[in-house]
>>> print(open('work_21.txt').read())   # compact mmCIF, C-alpha atoms
# COMPACT_ATOMS: atom_id res chain seq x y z
CA MET A 1 123.96 101.65 94.95
CA TRP A 2 122.11 103.97 92.58
CA GLU A 3 121.95 107.67 93.41
CA ILE A 4 118.83 109.17 91.85
CA PRO A 5 118.44 112.95 91.60
CA ILE A 6 115.07 114.14 92.95
CA CYS A 7 113.61 117.62 93.14
CA PHE A 8 111.60 117.91 96.36
CA ASP A 9 110.34 121.40 95.49
CA LEU A 10 106.86 122.15 96.80
CA ILE A 11 105.44 122.12 93.27
CA TYR A 12 106.15 118.35 93.16
CA SER A 13 105.34 117.54 96.79
CA LYS A 14 101.96 119.14 97.41
CA ASP A 15 100.52 115.79 98.54
CA LEU A 16 103.10 115.70 101.32
CA LEU A 17 102.29 119.24 102.45
CA PHE A 18 98.57 118.35 102.38
CA HIS A 19 99.31 115.24 104.49
CA PHE A 20 100.95 117.49 107.09
CA LYS A 21 98.05 119.97 106.96
CA ASN A 22 100.30 122.75 105.58
CA ASN A 23 102.69 122.45 108.54
CA LEU A 24 106.02 123.35 106.94
CA ILE A 25 108.03 122.22 109.96
CA SER A 26 106.62 118.68 109.77
CA TYR A 27 106.91 118.72 105.98
CA ASN A 28 110.59 119.73 106.05
CA SER A 29 111.36 117.30 108.86
CA TYR A 30 109.85 114.44 106.84
CA LEU A 31 111.92 115.30 103.75
CA ASN A 32 115.10 115.65 105.82
CA ASP A 33 114.54 112.18 107.31
CA PHE A 34 113.50 110.69 103.96
CA ILE A 35 116.64 111.85 102.13
CA LYS A 36 118.81 110.01 104.69
CA CYS A 37 117.21 106.64 103.83
CA LYS A 38 118.51 103.91 101.58
CA PHE A 39 115.99 101.70 99.82
CA GLN A 40 116.06 98.30 98.17
CA VAL A 41 114.28 97.44 94.94
CA ASN A 42 111.85 94.70 95.95
CA HIS A 43 109.83 93.98 92.80
CA TYR A 44 108.12 95.47 89.76
CA GLY A 45 104.39 95.90 89.26
CA PHE A 46 101.45 98.24 88.66
CA LEU A 47 103.02 99.65 85.46
CA PRO A 48 105.88 98.44 83.26
CA GLY A 49 109.03 99.79 84.91
CA PHE A 50 107.37 100.76 88.21
CA PHE A 51 109.70 99.44 90.90
CA TYR A 52 108.61 99.06 94.52
CA LEU A 53 111.22 100.16 97.05
CA THR A 54 111.33 98.85 100.60
CA GLY A 55 113.24 100.18 103.59
CA LEU A 56 111.12 103.18 104.53
CA PRO A 57 111.21 103.53 108.34
CA LYS A 58 107.79 103.05 109.93
CA GLU A 59 107.71 106.64 111.21
CA LEU A 60 107.84 107.81 107.57
CA TYR A 61 104.92 105.71 106.32
CA ILE A 62 102.17 107.76 104.71
CA PRO A 63 98.77 106.16 104.02
CA ARG A 64 97.62 105.89 100.45
CA LYS A 65 95.46 108.79 99.31
CA SER A 66 91.76 108.35 100.01
CA SER A 67 91.02 109.47 96.45
CA PRO A 68 93.61 108.61 93.78
CA SER A 69 94.91 111.27 91.41
CA LYS A 70 93.70 110.85 87.85
CA PHE A 71 97.01 112.18 86.48
CA VAL A 72 100.50 111.56 87.87
CA GLU A 73 103.43 112.77 85.75
CA LYS A 74 106.24 110.53 84.58
CA GLY A 75 109.16 110.71 87.00
CA VAL A 76 107.15 111.46 90.13
CA LEU A 77 108.51 109.96 93.35
CA ALA A 78 105.70 108.84 95.64
CA VAL A 79 105.06 107.10 98.97
CA GLY A 80 102.20 104.68 99.61
CA GLU A 81 102.19 103.22 103.13
CA SER A 82 105.52 101.40 103.48
CA SER A 83 106.50 101.51 99.80
CA VAL A 84 108.26 104.09 97.67
CA GLY A 85 108.25 104.24 93.86
CA ILE A 86 108.82 106.38 90.78
CA TYR A 87 106.06 106.55 88.17
CA PRO A 88 107.65 105.44 84.86
CA GLN A 89 104.89 106.97 82.73
CA VAL A 90 101.84 109.19 83.05
CA SER A 91 99.10 107.31 84.89
CA PRO A 92 96.55 107.55 87.67
CA GLY A 93 97.96 106.92 91.13
CA GLY A 94 96.96 106.67 94.76
CA TRP A 95 100.29 107.36 96.39
CA ASN A 96 101.46 110.68 97.84
CA LYS A 97 103.70 112.66 95.50
CA ILE A 98 106.85 113.92 97.23
CA GLY A 99 109.27 114.75 94.41
CA LYS A 100 110.25 114.36 90.78
CA THR A 101 113.23 113.14 88.76
CA TYR A 102 114.28 113.63 85.15
CA VAL A 103 115.72 110.12 84.92
CA SER A 104 113.86 107.19 83.37
CA PHE A 105 114.81 103.64 84.25
CA PHE A 106 112.54 101.83 81.81
CA ASP A 107 113.06 101.52 78.07
CA LYS A 108 110.83 98.97 76.34
CA SER A 109 113.25 98.79 73.39
CA SER A 110 116.14 97.67 75.65
CA ASN A 111 116.86 94.11 76.72
CA PRO A 112 116.27 94.00 79.62
CA PRO A 113 113.88 96.98 79.66
CA ASN A 114 114.51 97.72 83.36
CA HIS A 115 117.89 99.23 84.19
CA ILE A 116 117.38 98.79 87.94
CA ILE A 117 116.71 95.27 89.17
CA PRO A 118 115.36 93.72 92.38
CA GLY A 119 118.03 93.76 95.08
CA ASP A 120 119.61 97.04 93.91
CA ILE A 121 120.02 99.76 96.53
CA ILE A 122 118.64 103.26 95.89
CA LYS A 123 119.57 106.55 97.52
CA PHE A 124 117.89 109.80 96.56
CA ILE A 125 119.95 112.95 96.07
CA SER A 126 118.17 116.28 96.42
CA ILE A 127 118.39 118.68 93.47
CA ASN A 128 116.79 122.08 92.97
CA ASN A 129 114.04 122.96 90.52
CA ASP A 130 116.47 124.71 88.14
CA GLU A 131 118.53 121.52 87.76
CA LEU A 132 115.38 119.46 87.20
CA GLU A 133 114.02 121.88 84.58
CA PHE A 134 117.40 122.14 82.83
CA ASN A 135 117.66 118.36 82.52
CA LEU A 136 114.04 117.94 81.43
CA GLU A 137 114.59 120.49 78.63
CA LYS A 138 117.97 119.02 77.66
CA PHE A 139 116.48 115.97 76.00
CA SER A 140 114.32 115.99 72.89
CA ASP A 141 111.73 113.65 74.40
CA SER A 142 111.76 115.72 77.61
CA PHE A 143 113.04 112.74 79.54
CA ASN A 144 116.48 111.31 80.13
CA ILE A 145 116.68 107.59 79.50
CA PHE A 146 119.26 106.29 81.94
CA LYS A 147 122.59 105.37 80.37
CA ILE A 148 125.55 103.72 82.06
CA GLY A 149 127.98 106.47 82.98
CA SER A 150 125.31 109.15 83.50
CA PHE A 151 125.45 108.62 87.25
CA GLU A 152 128.03 107.38 89.66
CA ILE A 153 127.35 103.79 90.65
CA ILE A 154 128.66 103.14 94.14
CA CYS A 155 129.55 99.52 94.92
>>> encode(input="work_21.txt", output="structure tokens")
Amino acid sequence: MWEIPICFDLIYSKDLLFHFKNNLISYNSYLNDFIKCKFQVNHYGFLPGFFYLTGLPKELYIPRKSSPSKFVEKGVLAVGESSVGIYPQVSPGGWNKIGKTYVSFFDKSSNPPNHIIPGDIIKFISINNDELEFNLEKFSDSFNIFKIGSFEIIC
């Protein structure tokens, strides 16, 4: 099982708040339920390194956005219907942004380039904005390429 640190601060989850029509109770309830979930890597697609996660309970499905965003930052965690994924690079996107990580799981110079593979289990760990910002600034390319030993791997 991979534990991935995610900042669910409002600055990274405005799509979720918009989905709940600025209702903070529903917004917080959704995030509390989401963080309890475990997901499985199903497949890759859309972008190199973009993994599709399954296992989202039906009550947490969020429809794709009616109008895609032209710019989604690298590391953004998003929900589109029944799937969950992390954008591995800057791109347009039609899923609802709910958080952000400083960890990158795709390195085109590695063999294999994907550190997480289909069948792996993912759990998200909530971090605060200070921890996210600290770790984004800590690396010269502003993004941490995952390395074995950086996170606890639970078997």
>>> residues_around(input="work_21.txt", residues="range 57-73 of chain A", least_positions_apart="3", cutoff="7 Å", atoms="all atoms listed in the file", output="VMD selection string")
chain A and resid 30 76 79 to 82 89 to 96
>>> atom_distance(input="work_21.txt", atom1="CA of Ser29 in chain A", atom2="CA of Asn129 in chain A")
19.4 Å
>>> residues_around(input="work_21.txt", residues="Asp15 in chain A", least_positions_apart="2", cutoff="7 Å", atoms="only C-alpha atoms", output="VMD selection string")
chain A and resid 13 17 to 19 96 to 98
>>> closest_residue(input="work_21.txt", among="A:Ile117, A:Phe8, A:Asn23, A:Pro48", to="Pro88 in chain A", atoms="all atoms listed in the file")
A:Pro48
>>> atom_distance(input="work_21.txt", atom1="CA of Phe105 in chain A", atom2="CA of Asn128 in chain A")
20.5 Å
>>> closest_residue(input="work_21.txt", among="A:Leu47, A:Cys7, A:Leu53, A:Leu136", to="Leu31 in chain A", atoms="all atoms listed in the file")
A:Cys7
>>> atom_distance(input="work_21.txt", atom1="CA of Leu56 in chain A", atom2="CA of Lys108 in chain A")
28.5 Å
>>> residues_around(input="work_21.txt", residues="Ile127 in chain A", least_positions_apart="3", cutoff="10 Å", atoms="only C-alpha atoms", output="NGL selection string")
:A and (4-9 or 99-101 or 124 or 130-132)
